[in-house]
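Peer 1: Structure file final-v1.csv (CSV, C-alpha atoms and all ligand atoms) is given on the next line.
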```
chain,number,residue,atom,x,y,z
A,100,MET,CA,23.8,31.6,59.8
A,101,ARG,CA,27.0,29.5,59.1
A,102,ILE,CA,27.7,26.2,57.5
A,103,THR,CA,29.0,23.8,60.2
A,104,ARG,CA,29.2,20.4,58.5
A,105,LEU,CA,29.1,18.8,55.1
A,106,THR,CA,28.2,15.1,55.0
A,107,VAL,CA,28.7,13.1,51.8
A,108,PHE,CA,26.9,9.9,50.7
A,109,HIS,CA,27.7,7.8,47.7
A,110,LEU,CA,24.9,6.0,45.9
A,111,ASP,CA,25.5,3.3,43.3
A,112,LEU,CA,22.4,3.4,41.1
A,113,PRO,CA,21.8,0.6,38.6
A,114,LEU,CA,19.5,1.5,35.7
A,115,ALA,CA,16.4,-0.7,35.4
A,116,LYS,CA,17.5,-1.6,31.9
A,117,PRO,CA,20.6,-0.7,29.8
A,118,TYR,CA,20.4,2.5,27.8
A,119,TRP,CA,22.2,3.6,24.6
A,120,LEU,CA,23.0,7.0,23.3
A,121,SER,CA,24.8,8.7,20.4
A,122,GLY,CA,23.8,6.1,17.8
A,123,GLY,CA,24.7,3.2,20.2
A,124,ARG,CA,28.3,4.1,20.8
A,125,LEU,CA,27.6,5.1,24.5
A,126,LYS,CA,26.1,2.5,26.7
A,127,PHE,CA,24.9,3.2,30.3
A,128,ASP,CA,23.9,0.6,32.9
A,129,ARG,CA,24.6,2.4,36.2
A,130,LEU,CA,25.1,5.9,37.6
A,131,ASP,CA,27.3,7.2,40.4
A,132,SER,CA,25.4,9.7,42.5
A,133,THR,CA,26.5,11.9,45.4
A,134,TYR,CA,24.1,13.1,48.1
A,135,LEU,CA,25.3,16.0,50.1
A,136,ARG,CA,23.8,17.2,53.4
A,137,ILE,CA,24.8,20.7,54.7
A,138,ASP,CA,24.2,21.4,58.4
A,139,THR,CA,24.2,24.9,59.9
A,140,ASP,CA,24.6,26.5,63.3
A,141,GLU,CA,20.9,27.3,63.4
A,142,GLY,CA,19.8,23.7,63.0
A,143,VAL,CA,18.6,24.1,59.4
A,144,THR,CA,19.8,21.3,57.1
A,145,GLY,CA,19.8,21.3,53.3
A,146,TRP,CA,20.2,18.5,50.8
A,147,GLY,CA,21.7,18.4,47.3
A,148,GLU,CA,22.5,15.7,44.7
A,149,GLY,CA,25.1,15.6,41.9
A,150,CYS,CA,24.9,12.7,39.4
A,151,PRO,CA,26.7,12.7,36.1
A,152,TRP,CA,25.2,10.5,33.4
A,153,GLY,CA,27.8,7.8,33.6
A,154,HIS,CA,31.4,8.7,32.8
A,155,SER,CA,31.2,9.1,29.0
A,156,TYR,CA,28.3,11.6,28.6
A,157,LEU,CA,30.0,14.9,29.7
A,158,PRO,CA,33.4,15.9,31.2
A,159,ALA,CA,31.9,15.0,34.6
A,160,HIS,CA,33.1,12.2,36.8
A,161,GLY,CA,31.1,10.7,39.8
A,162,PRO,CA,34.1,9.9,42.0
A,163,GLY,CA,35.6,13.3,41.0
A,164,LEU,CA,32.6,15.0,42.4
A,165,ARG,CA,33.3,13.7,45.9
A,166,ALA,CA,37.0,14.6,45.5
A,167,GLY,CA,35.9,18.1,44.5
A,168,ILE,CA,33.7,18.4,47.6
A,169,ALA,CA,36.7,17.4,49.7
A,170,THR,CA,38.7,20.3,48.1
A,171,LEU,CA,36.0,22.8,48.6
A,172,ALA,CA,34.7,21.9,52.1
A,173,PRO,CA,37.3,23.9,54.1
A,174,HIS,CA,36.4,27.0,52.1
A,175,LEU,CA,32.6,26.4,52.6
A,176,LEU,CA,32.6,25.9,56.4
A,177,GLY,CA,31.7,29.2,58.1
A,178,LEU,CA,30.0,30.7,55.0
A,179,ASP,CA,26.4,31.8,55.2
A,180,PRO,CA,24.6,29.3,52.9
A,181,ARG,CA,21.8,31.9,52.1
A,182,SER,CA,24.4,34.1,50.3
A,183,LEU,CA,24.2,32.1,47.2
A,184,ASP,CA,26.2,34.3,44.8
A,185,HIS,CA,28.9,34.7,47.4
A,186,VAL,CA,29.1,30.9,47.9
A,187,ASN,CA,29.4,30.5,44.2
A,188,ARG,CA,32.1,33.1,43.9
A,189,VAL,CA,34.1,31.3,46.7
A,190,MET,CA,33.7,28.0,44.9
A,191,ASP,CA,34.8,29.5,41.6
A,192,LEU,CA,37.9,31.1,43.2
A,193,GLN,CA,39.0,27.9,45.0
A,194,LEU,CA,38.2,25.4,42.2
A,195,PRO,CA,37.7,26.9,38.7
A,196,GLY,CA,35.6,24.9,36.4
A,197,HIS,CA,34.3,21.5,37.7
A,198,SER,CA,30.7,22.7,37.5
A,199,TYR,CA,29.3,19.2,38.4
A,200,VAL,CA,31.0,19.4,41.8
A,201,LYS,CA,29.4,22.7,42.6
A,202,SER,CA,25.8,21.8,41.7
A,203,PRO,CA,24.9,19.7,44.8
A,204,ILE,CA,26.5,22.3,47.1
A,205,ASP,CA,24.5,25.1,45.5
A,206,MET,CA,21.4,23.0,45.6
A,207,ALA,CA,21.7,22.3,49.3
A,208,CYS,CA,22.2,26.0,49.9
A,209,TRP,CA,19.0,26.8,48.0
A,210,ASP,CA,17.2,24.2,50.1
A,211,ILE,CA,18.4,26.0,53.2
A,212,LEU,CA,17.4,29.5,51.8
A,213,GLY,CA,13.9,28.2,51.0
A,214,GLN,CA,13.4,26.7,54.5
A,215,VAL,CA,14.6,29.9,56.2
A,216,ALA,CA,12.3,32.0,53.9
A,217,GLY,CA,9.4,29.6,54.4
A,218,LEU,CA,9.0,29.4,50.7
A,219,PRO,CA,9.2,26.6,48.1
A,220,LEU,CA,12.0,26.9,45.5
A,221,TRP,CA,9.5,27.3,42.6
A,222,GLN,CA,8.5,30.6,44.2
A,223,LEU,CA,12.0,31.8,45.1
A,224,LEU,CA,13.0,31.1,41.5
A,225,GLY,CA,10.2,33.5,40.4
A,226,GLY,CA,7.2,31.2,39.8
A,227,GLU,CA,3.6,32.1,40.5
A,228,ALA,CA,2.3,28.7,41.4
A,229,ALA,CA,3.4,25.0,41.7
A,230,THR,CA,2.7,24.6,38.0
A,231,PRO,CA,2.5,21.0,36.7
A,232,VAL,CA,5.2,20.6,34.0
A,233,PRO,CA,4.9,18.2,31.1
A,234,ILE,CA,7.6,15.5,31.3
A,235,ASN,CA,9.3,13.7,28.4
A,236,SER,CA,10.4,10.2,27.9
A,237,SER,CA,14.0,9.3,26.9
A,238,ILE,CA,14.0,6.7,24.2
A,239,SER,CA,17.2,4.6,23.9
A,240,THR,CA,18.8,4.3,20.5
A,241,GLY,CA,17.5,1.3,18.5
A,242,THR,CA,15.8,0.3,15.3
A,243,PRO,CA,12.7,2.3,14.3
A,244,ASP,CA,10.5,-0.5,15.5
A,245,GLN,CA,12.3,-0.9,18.8
A,246,MET,CA,12.1,2.9,19.4
A,247,LEU,CA,8.4,3.1,18.5
A,248,GLY,CA,7.8,0.2,20.9
A,249,LEU,CA,9.5,2.2,23.7
A,250,ILE,CA,7.5,5.3,22.8
A,251,ALA,CA,4.3,3.2,23.0
A,252,GLU,CA,5.4,2.0,26.5
A,253,ALA,CA,6.0,5.6,27.5
A,254,ALA,CA,2.7,6.7,26.1
A,255,ALA,CA,1.0,4.1,28.3
A,256,GLN,CA,2.6,5.9,31.3
A,257,GLY,CA,1.2,9.2,30.2
A,258,TYR,CA,4.1,10.7,28.3
A,259,ARG,CA,3.2,12.9,25.4
A,260,THR,CA,6.6,14.3,24.7
A,261,HIS,CA,9.5,12.1,23.7
A,262,SER,CA,13.3,12.4,23.3
A,263,ALA,CA,14.4,9.9,20.8
A,264,LYS,CA,18.1,9.1,20.8
A,265,ILE,CA,19.5,8.7,17.3
A,266,GLY,CA,22.9,9.4,15.6
A,267,GLY,CA,25.6,7.4,13.9
A,268,SER,CA,27.7,7.3,10.8
A,269,ASP,CA,25.1,5.8,8.4
A,270,PRO,CA,22.8,8.6,7.2
A,271,ALA,CA,20.3,6.1,5.8
A,272,GLN,CA,19.7,4.6,9.3
A,273,ASP,CA,19.0,7.9,10.9
A,274,ILE,CA,16.8,9.0,8.0
A,275,ALA,CA,14.8,5.9,8.5
A,276,ARG,CA,14.5,6.4,12.3
A,277,ILE,CA,13.5,10.0,12.0
A,278,GLU,CA,10.8,9.4,9.3
A,279,ALA,CA,9.4,6.3,11.0
A,280,ILE,CA,9.2,7.9,14.5
A,281,SER,CA,7.9,11.2,13.3
A,282,ALA,CA,5.2,9.5,11.3
A,283,GLY,CA,4.4,6.8,13.9
A,284,LEU,CA,4.0,9.1,16.9
A,285,PRO,CA,0.6,8.8,18.7
A,286,ASP,CA,-1.7,11.7,17.8
A,287,GLY,CA,-0.9,15.0,19.6
A,288,HIS,CA,2.6,13.7,20.8
A,289,ARG,CA,5.8,15.6,20.1
A,290,VAL,CA,9.4,14.3,19.7
A,291,THR,CA,12.9,15.7,19.8
A,292,PHE,CA,15.6,13.8,18.0
A,293,ASP,CA,18.6,13.9,20.2
A,294,VAL,CA,21.8,13.1,18.3
A,295,ASN,CA,24.0,13.4,21.4
A,296,ARG,CA,26.8,14.9,19.1
A,297,ALA,CA,27.2,11.8,17.0
A,298,TRP,CA,27.1,13.4,13.6
A,299,THR,CA,29.8,15.2,11.6
A,300,PRO,CA,28.4,18.4,10.1
A,301,ALA,CA,28.3,16.8,6.7
A,302,ILE,CA,26.1,13.9,7.9
A,303,ALA,CA,23.9,16.3,9.8
A,304,VAL,CA,23.3,18.4,6.7
A,305,GLU,CA,22.7,15.3,4.6
A,306,VAL,CA,20.3,13.7,7.0
A,307,LEU,CA,18.3,16.8,7.9
A,308,ASN,CA,18.0,17.9,4.3
A,309,SER,CA,16.7,14.4,3.3
A,310,VAL,CA,13.9,14.1,5.9
A,311,ARG,CA,10.4,15.6,5.7
A,312,ALA,CA,10.1,15.7,9.5
A,313,ARG,CA,10.5,19.2,11.0
A,314,ASP,CA,10.8,18.1,14.6
A,315,TRP,CA,13.4,19.5,17.0
A,316,ILE,CA,17.0,18.2,16.5
A,317,GLU,CA,19.2,18.2,19.6
A,318,GLN,CA,23.0,18.5,19.8
A,319,PRO,CA,23.7,17.2,16.2
A,320,CYS,CA,27.5,17.6,16.5
A,321,GLN,CA,30.2,17.8,19.1
A,322,THR,CA,30.9,21.5,19.2
A,323,LEU,CA,29.0,24.8,19.2
A,324,ASP,CA,30.8,25.8,16.0
A,325,GLN,CA,29.7,22.7,14.2
A,326,CYS,CA,26.2,23.0,15.4
A,327,ALA,CA,26.1,26.6,14.3
A,328,HIS,CA,27.3,25.6,10.9
A,329,VAL,CA,24.5,23.0,10.7
A,330,ALA,CA,21.8,25.3,11.9
A,331,ARG,CA,22.4,27.7,9.0
A,332,ARG,CA,21.9,24.9,6.5
A,333,VAL,CA,18.8,23.0,7.7
A,334,ALA,CA,15.1,23.8,8.4
A,335,ASN,CA,14.7,21.9,11.7
A,336,PRO,CA,14.7,23.9,14.9
A,337,ILE,CA,17.9,23.1,16.8
A,338,MET,CA,18.3,22.5,20.6
A,339,LEU,CA,21.7,22.5,22.2
A,340,ASP,CA,22.7,20.5,25.2
A,341,GLU,CA,26.2,19.0,25.8
A,342,CYS,CA,28.2,21.9,24.3
A,343,LEU,CA,26.9,24.4,26.8
A,344,HIS,CA,28.8,24.6,30.0
A,345,GLU,CA,28.9,28.3,31.0
A,346,PHE,CA,26.8,31.4,30.6
A,347,SER,CA,29.2,32.5,27.8
A,348,ASP,CA,28.5,29.4,25.8
A,349,HIS,CA,24.8,30.4,25.8
A,350,LEU,CA,25.6,34.0,24.8
A,351,ALA,CA,27.7,32.6,21.9
A,352,ALA,CA,24.9,30.2,20.9
A,353,TRP,CA,22.5,33.1,20.7
A,354,SER,CA,24.7,35.6,19.0
A,355,ARG,CA,25.7,33.0,16.3
A,356,GLY,CA,22.1,31.9,15.7
A,357,ALA,CA,23.0,28.4,16.6
A,358,CYS,CA,19.7,27.3,18.1
A,359,GLU,CA,16.1,28.0,18.9
A,360,GLY,CA,16.3,26.4,22.3
A,361,VAL,CA,18.5,24.8,24.9
A,362,LYS,CA,18.5,22.2,27.6
A,363,ILE,CA,19.3,23.6,31.0
A,364,LYS,CA,20.8,21.0,33.4
A,365,PRO,CA,21.9,22.3,36.8
A,366,ASN,CA,24.6,19.7,37.2
A,367,ARG,CA,26.1,20.6,33.8
A,368,VAL,CA,26.2,24.4,34.4
A,369,GLY,CA,27.1,24.4,38.1
A,370,GLY,CA,23.8,24.5,40.0
A,371,LEU,CA,20.5,26.2,40.3
A,372,THR,CA,22.1,29.7,40.7
A,373,ARG,CA,23.8,29.4,37.3
A,374,ALA,CA,20.8,27.6,35.7
A,375,ARG,CA,18.5,30.4,36.7
A,376,GLN,CA,20.8,33.0,35.2
A,377,ILE,CA,20.8,31.0,31.9
A,378,ARG,CA,17.0,30.4,32.1
A,379,ASP,CA,16.4,34.1,32.5
A,380,PHE,CA,18.7,34.8,29.5
A,381,GLY,CA,16.8,32.2,27.5
A,382,VAL,CA,13.5,33.8,28.4
A,383,SER,CA,14.8,37.2,27.3
A,384,VAL,CA,15.9,36.0,23.9
A,385,GLY,CA,12.8,33.8,23.4
A,386,TRP,CA,14.3,30.4,23.6
A,387,GLN,CA,12.2,27.3,24.2
A,388,MET,CA,13.8,25.2,26.9
A,389,HIS,CA,13.9,21.8,28.5
A,390,ILE,CA,14.8,22.1,32.1
A,391,GLU,CA,15.9,18.9,33.9
A,392,ASP,CA,19.0,17.5,35.5
A,393,VAL,CA,21.8,15.4,33.9
A,394,GLY,CA,20.8,12.4,35.9
A,395,GLY,CA,20.2,11.1,39.4
A,396,THR,CA,17.3,10.3,41.7
A,397,ALA,CA,14.1,12.2,42.4
A,398,LEU,CA,16.1,14.7,44.5
A,399,ALA,CA,18.0,16.1,41.5
A,400,ASP,CA,14.9,15.9,39.4
A,401,THR,CA,12.9,17.9,41.9
A,402,ALA,CA,15.5,20.7,42.1
A,403,ALA,CA,15.4,21.1,38.3
A,404,LEU,CA,11.6,20.8,38.3
A,405,HIS,CA,11.3,23.8,40.6
A,406,LEU,CA,13.2,25.9,38.0
A,407,ALA,CA,11.1,24.4,35.2
A,408,ALA,CA,7.8,25.2,37.0
A,409,SER,CA,8.9,28.8,37.6
A,410,THR,CA,9.6,29.3,33.9
A,411,PRO,CA,7.0,30.9,31.6
A,412,GLU,CA,5.1,28.3,29.7
A,413,ALA,CA,6.0,29.9,26.3
A,414,ASN,CA,9.6,29.2,27.0
A,415,ARG,CA,9.3,25.7,28.5
A,416,LEU,CA,8.9,22.6,26.4
A,417,ALA,CA,9.2,19.6,28.9
A,418,SER,CA,11.3,18.1,31.6
A,419,TRP,CA,12.8,14.6,31.9
A,420,LEU,CA,12.7,12.7,35.2
A,421,GLY,CA,16.0,10.8,35.3
A,422,HIS,CA,14.9,8.7,38.3
A,423,ALA,CA,12.4,6.9,36.0
A,424,HIS,CA,15.4,4.9,34.6
A,425,LEU,CA,16.7,3.7,38.0
A,426,ALA,CA,16.2,0.3,39.5
A,427,ASP,CA,16.1,1.7,43.1
A,428,ASP,CA,14.5,4.7,44.8
A,429,PRO,CA,16.3,6.1,47.9
A,430,ILE,CA,13.5,8.7,48.5
A,431,PRO,CA,10.4,6.7,47.8
A,432,GLY,CA,7.3,8.8,46.9
A,433,GLN,CA,9.0,12.1,47.5
A,434,GLY,CA,9.5,15.0,45.1
A,435,ALA,CA,8.8,15.2,41.4
A,436,ARG,CA,6.9,12.2,40.1
A,437,ASN,CA,5.1,11.3,36.8
A,438,ARG,CA,1.4,11.8,37.2
A,439,ASP,CA,-0.1,11.1,33.8
A,440,GLY,CA,2.7,12.8,31.9
A,441,LEU,CA,3.0,15.8,34.3
A,442,ALA,CA,5.1,16.5,37.4
A,443,THR,CA,4.5,19.1,40.0
A,444,PRO,CA,7.2,20.5,42.4
A,445,PRO,CA,6.5,20.2,46.1
A,446,SER,CA,5.2,23.3,47.9
A,447,ALA,CA,6.9,22.7,51.3
A,448,PRO,CA,9.7,25.3,52.0
A,449,GLY,CA,12.9,24.7,50.2
A,450,LEU,CA,13.4,21.7,47.9
A,451,GLY,CA,10.5,19.9,49.7
A,452,VAL,CA,12.4,16.6,49.7
A,453,ILE,CA,13.9,15.2,53.0
A,454,PRO,CA,16.0,12.1,52.4
A,455,ASP,CA,16.2,9.5,55.2
A,456,PRO,CA,19.9,9.1,56.0
A,457,GLU,CA,19.3,5.5,57.1
A,458,ALA,CA,18.3,4.7,53.5
A,459,LEU,CA,21.5,6.2,52.1
A,460,GLY,CA,24.0,3.9,53.8
A,461,ARG,CA,27.0,5.2,55.8
A,462,PRO,CA,28.4,8.6,54.8
A,463,VAL,CA,31.6,8.3,52.9
A,464,ALA,CA,32.9,11.6,54.2
A,465,SER,CA,32.1,14.3,56.7
A,466,TYR,CA,33.7,17.8,57.0
A,467,ASP,CA,33.4,20.0,60.0
B,1,LIG,O1,19.4,14.8,26.9
B,1,LIG,C1,20.3,14.2,27.0
B,1,LIG,O2,21.3,14.3,26.3
B,1,LIG,C2,20.5,13.2,28.2
B,1,LIG,N1,19.2,13.0,28.9
B,1,LIG,C3,19.1,11.7,29.4
B,1,LIG,C4,20.4,11.1,29.0
B,1,LIG,C5,20.8,11.9,27.8
B,1,LIG,O3,20.1,11.5,26.8
B,2,MG,MG,20.4,15.8,25.0
```
I need this file expressed as structure tokens, please.
Ligand SMILES: O=C(O)[C@H]1NCC[C@H]1O
Ligand SMILES: [Mg+2]

Peer 2:
Amino acid sequence: MRITRLTVFHLDLPLAKPYWLSGGRLKFDRLDSTYLRIDTDEGVTGWGEGCPWGHSYLPAHGPGLRAGIATLAPHLLGLDPRSLDHVNRVMDLQLPGHSYVKSPIDMACWDILGQVAGLPLWQLLGGEAATPVPINSSISTGTPDQMLGLIAEAAAQGYRTHSAKIGGSDPAQDIARIEAISAGLPDGHRVTFDVNRAWTPAIAVEVLNSVRARDWIEQPCQTLDQCAHVARRVANPIMLDECLHEFSDHLAAWSRGACEGVKIKPNRVGGLTRARQIRDFGVSVGWQMHIEDVGGTALADTAALHLAASTPEANRLASWLGHAHLADDPIPGQGARNRDGLATPPSAPGLGVIPDPEALGRPVASYD
């Protein structure tokens, strides 16, 4: 089987309402997503999506993703898409780094492998069943009352796990947010406070040694070194996110005792192949993990949910569905969806999502 064509679609995705991160210094109101269709000489077609969370969240750039696909396409044509490690080695040789470019390519190849095997991805990734996965809300930075209001709205939609976005240079403000939200959560709900790297180590240590709450704290500071420094000085469990790009970052995080869990996002680490490798490492060291994508529609959400559903429950916290923030839905009803706070991956072969090209507009590029 050979790759015969790559077809690229650009989706401009407004958020349903604006969203603030990192103590309010990062604002997001639209996403730049790329859908990729890979065709083969045997008539099997796979789909992938790559969607950075705006331009300011990670070193990942929506328009750059399409430029990267243009660079890689000549090296991908003719490869067997089922040989996933080989495809990844070719991509790494021809374009070092740029993980976010490789993720939709890797995803489309997994979709093809699943269809050829006649198996859903949750099974190819090692799962026993199409396990429903708890999903978590994502609560934009605001005052404690505003944030508790958003948590109540999410609770009404079935969410029982929340990611509350905090951070900033005023320790008193974050102490107030953490204490109010931790105390005001509905019974049986859980929260992670995601700082999105907004704190200096000094502020992190001050805030976390001032609060009674012992909830998870995510990505308190910019770098792994800073987060490891904080982890030694506070009682809260630490989750890492934006400072993890490659397998070696995860190895360093573990060997330095920098965290008790990580977020695994295929688009951040370069696709499902790399995400699975990291997931398996996380299981072996006993991490608790959130497995979800960086952003995008239900296509990217579904790929990540296959990996989440195939992860042992003891190592899995919850997954976020980025498409819940979008004003539009290019694949209505398909793939991972919120059903009373749970989402279940499809059991059709492959990703189990088949976009309608008519709904995606004209392709912006095609390589054959
Ligand atoms: O966990 C995170 O850091 C990201 N998820 C949604 C957007 C951003 O908050
Ligand atoms: Mg995060």

Peer 1: Using all atoms listed in the file, which protein or nucleic acid residues come within 9 Å of Pro411 (chain A)? Drop anything in the same chain fewer than 4 positions from it, and give the result as JSON, numbers by chain.

Peer 2: {"A": [226, 382, 407, 415]}

Peer 1: If we count all atoms listed in the file and set the cut-off at 12 Å, which residues sit around Thr291 (chain A), ignoring sequence neighbours fewer than 3 positions away in its own chain? Please answer as a ChimeraX atom specification.

Peer 2: /A:235-238,259-265,277,280-281,284,288,294-295,312-319,335-339,360-362,388-389,416-417

Peer 1: Which residues form the shell of 7 Å around ligand LIG 1 (chain B) when you count only C-alpha atoms and all ligand atoms, given as a PyMOL selection string?

Peer 2: chain A and resi 120+152+237+264+293+295+340-341+393-394+421

Peer 1: Take the residues just selected and output them with C-alpha atoms as an mmCIF file, keeping the file's coordinate frame.

Peer 2:
```cif
data_model
loop_
_atom_site.group_PDB
_atom_site.id
_atom_site.type_symbol
_atom_site.label_atom_id
_atom_site.label_comp_id
_atom_site.auth_asym_id
_atom_site.auth_seq_id
_atom_site.Cartn_x
_atom_site.Cartn_y
_atom_site.Cartn_z
ATOM 1 C CA LEU A 120 23.000 7.000 23.300
ATOM 2 C CA TRP A 152 25.200 10.500 33.400
ATOM 3 C CA SER A 237 14.000 9.300 26.900
ATOM 4 C CA LYS A 264 18.100 9.100 20.800
ATOM 5 C CA ASP A 293 18.600 13.900 20.200
ATOM 6 C CA ASN A 295 24.000 13.400 21.400
ATOM 7 C CA ASP A 340 22.700 20.500 25.200
ATOM 8 C CA GLU A 341 26.200 19.000 25.800
ATOM 9 C CA VAL A 393 21.800 15.400 33.900
ATOM 10 C CA GLY A 394 20.800 12.400 35.900
ATOM 11 C CA GLY A 421 16.000 10.800 35.300
#
```

Peer 1: Can you tell me which residues surround Ala301 (chain A) at a distance of at most 10 Å, considering only C-alpha atoms, apart from same-chain residues fewer than 3 positions away, and format the answer as a list in words?

Peer 2: Pro270, Trp298, Val304, Glu305, Val306, Cys320, Gln325, His328 and Val329 of chain A

Peer 1: Measure the distance from CA of Gly123 (chain A) to CA of Leu247 (chain A) in Å and round it to one decimal.

Peer 2: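 Separation between CA of Gly123 (chain A) and CA of Leu247 (chain A): 16.4 Å.
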
Peer 1: Rank A:Arg375, A:Arg129, A:Arg296, A:His349 by their smallest atom-to-atom distance to ligand MG 2 (chain B), using all atoms listed in the file, and report the top residue only.

Peer 2: A:Arg296

Peer 1: So how far away is CA of Asp210 (chain A) from CA of Gly451 (chain A), in Å?

Peer 2: 8.0 Å

Peer 1: I'd like the neighbourhood of Pro462 (chain A) as a PyMOL selection string, where a residue qualifies if any of its atoms comes within 12 Å (using only C-alpha atoms), though same-chain residues fewer than 3 positions away should be ignored.

Peer 2: chain A and resi 105-110+133-136+165+456-459+465-466

Peer 1: May I ask which of the residues A:Pro173, A:Trp119, A:Leu178, A:Pro300 is the closest one to Met246 (chain A), counting all atoms listed in the file?

Peer 2: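 Residue with the minimum atom-to-atom distance to Met246 (chain A): A:Trp119.
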
Peer 1: Interatomic distance between CA of Asp273 (chain A) and CA of Pro151 (chain A)?

Peer 2: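 Spanning CA of Asp273 (chain A) to CA of Pro151 (chain A) is a straight-line distance of 26.8 Å.
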
Peer 1: Counting all atoms listed in the file, which of A:Pro444, A:Pro231, A:Pro285, A:Pro162 gets nearest to Val463 (chain A)?

Peer 2: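 With all atoms listed in the file as the atom set, the closest residue is A:Pro162.
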
Peer 1: As an mmCIF file, in the coordinates of the input, please: region 302-316 of chain A completed to N, CA and C atoms.

Peer 2:
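Okay, out-v5.cif is ready:
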```cif
data_model
loop_
_atom_site.group_PDB
_atom_site.id
_atom_site.type_symbol
_atom_site.label_atom_id
_atom_site.label_comp_id
_atom_site.auth_asym_id
_atom_site.auth_seq_id
_atom_site.Cartn_x
_atom_site.Cartn_y
_atom_site.Cartn_z
ATOM 1 N N ILE A 302 27.231 14.881 7.733
ATOM 2 C CA ILE A 302 26.100 13.900 7.900
ATOM 3 C C ILE A 302 24.881 14.631 8.411
ATOM 4 N N ALA A 303 25.063 15.564 9.326
ATOM 5 C CA ALA A 303 23.900 16.300 9.800
ATOM 6 C C ALA A 303 23.162 16.997 8.708
ATOM 7 N N VAL A 304 23.909 17.681 7.856
ATOM 8 C CA VAL A 304 23.300 18.400 6.700
ATOM 9 C C VAL A 304 22.622 17.444 5.772
ATOM 10 N N GLU A 305 23.286 16.332 5.519
ATOM 11 C CA GLU A 305 22.700 15.300 4.600
ATOM 12 C C GLU A 305 21.407 14.757 5.175
ATOM 13 N N VAL A 306 21.450 14.318 6.417
ATOM 14 C CA VAL A 306 20.300 13.700 7.000
ATOM 15 C C VAL A 306 19.113 14.691 7.070
ATOM 16 N N LEU A 307 19.391 15.879 7.602
ATOM 17 C CA LEU A 307 18.300 16.800 7.900
ATOM 18 C C LEU A 307 17.727 17.430 6.585
ATOM 19 N N ASN A 308 18.518 17.444 5.527
ATOM 20 C CA ASN A 308 18.000 17.900 4.300
ATOM 21 C C ASN A 308 17.332 16.781 3.442
ATOM 22 N N SER A 309 17.330 15.574 4.001
ATOM 23 C CA SER A 309 16.700 14.400 3.300
ATOM 24 C C SER A 309 15.353 14.080 3.961
ATOM 25 N N VAL A 310 15.131 14.494 5.200
ATOM 26 C CA VAL A 310 13.900 14.100 5.900
ATOM 27 C C VAL A 310 12.796 15.127 5.672
ATOM 28 N N ARG A 311 11.548 14.647 5.715
ATOM 29 C CA ARG A 311 10.400 15.600 5.700
ATOM 30 C C ARG A 311 10.127 16.134 7.064
ATOM 31 N N ALA A 312 10.471 15.363 8.103
ATOM 32 C CA ALA A 312 10.100 15.700 9.500
ATOM 33 C C ALA A 312 10.759 17.100 9.831
ATOM 34 N N ARG A 313 9.995 17.905 10.560
ATOM 35 C CA ARG A 313 10.500 19.200 11.000
ATOM 36 C C ARG A 313 10.518 19.300 12.526
ATOM 37 N N ASP A 314 10.707 18.144 13.156
ATOM 38 C CA ASP A 314 10.800 18.100 14.600
ATOM 39 C C ASP A 314 12.120 18.706 15.091
ATOM 40 N N TRP A 315 12.201 18.974 16.389
ATOM 41 C CA TRP A 315 13.400 19.500 17.000
ATOM 42 C C TRP A 315 14.583 18.473 16.793
ATOM 43 N N ILE A 316 15.778 19.010 16.580
ATOM 44 C CA ILE A 316 17.000 18.200 16.500
ATOM 45 C C ILE A 316 17.920 18.700 17.641
#
```
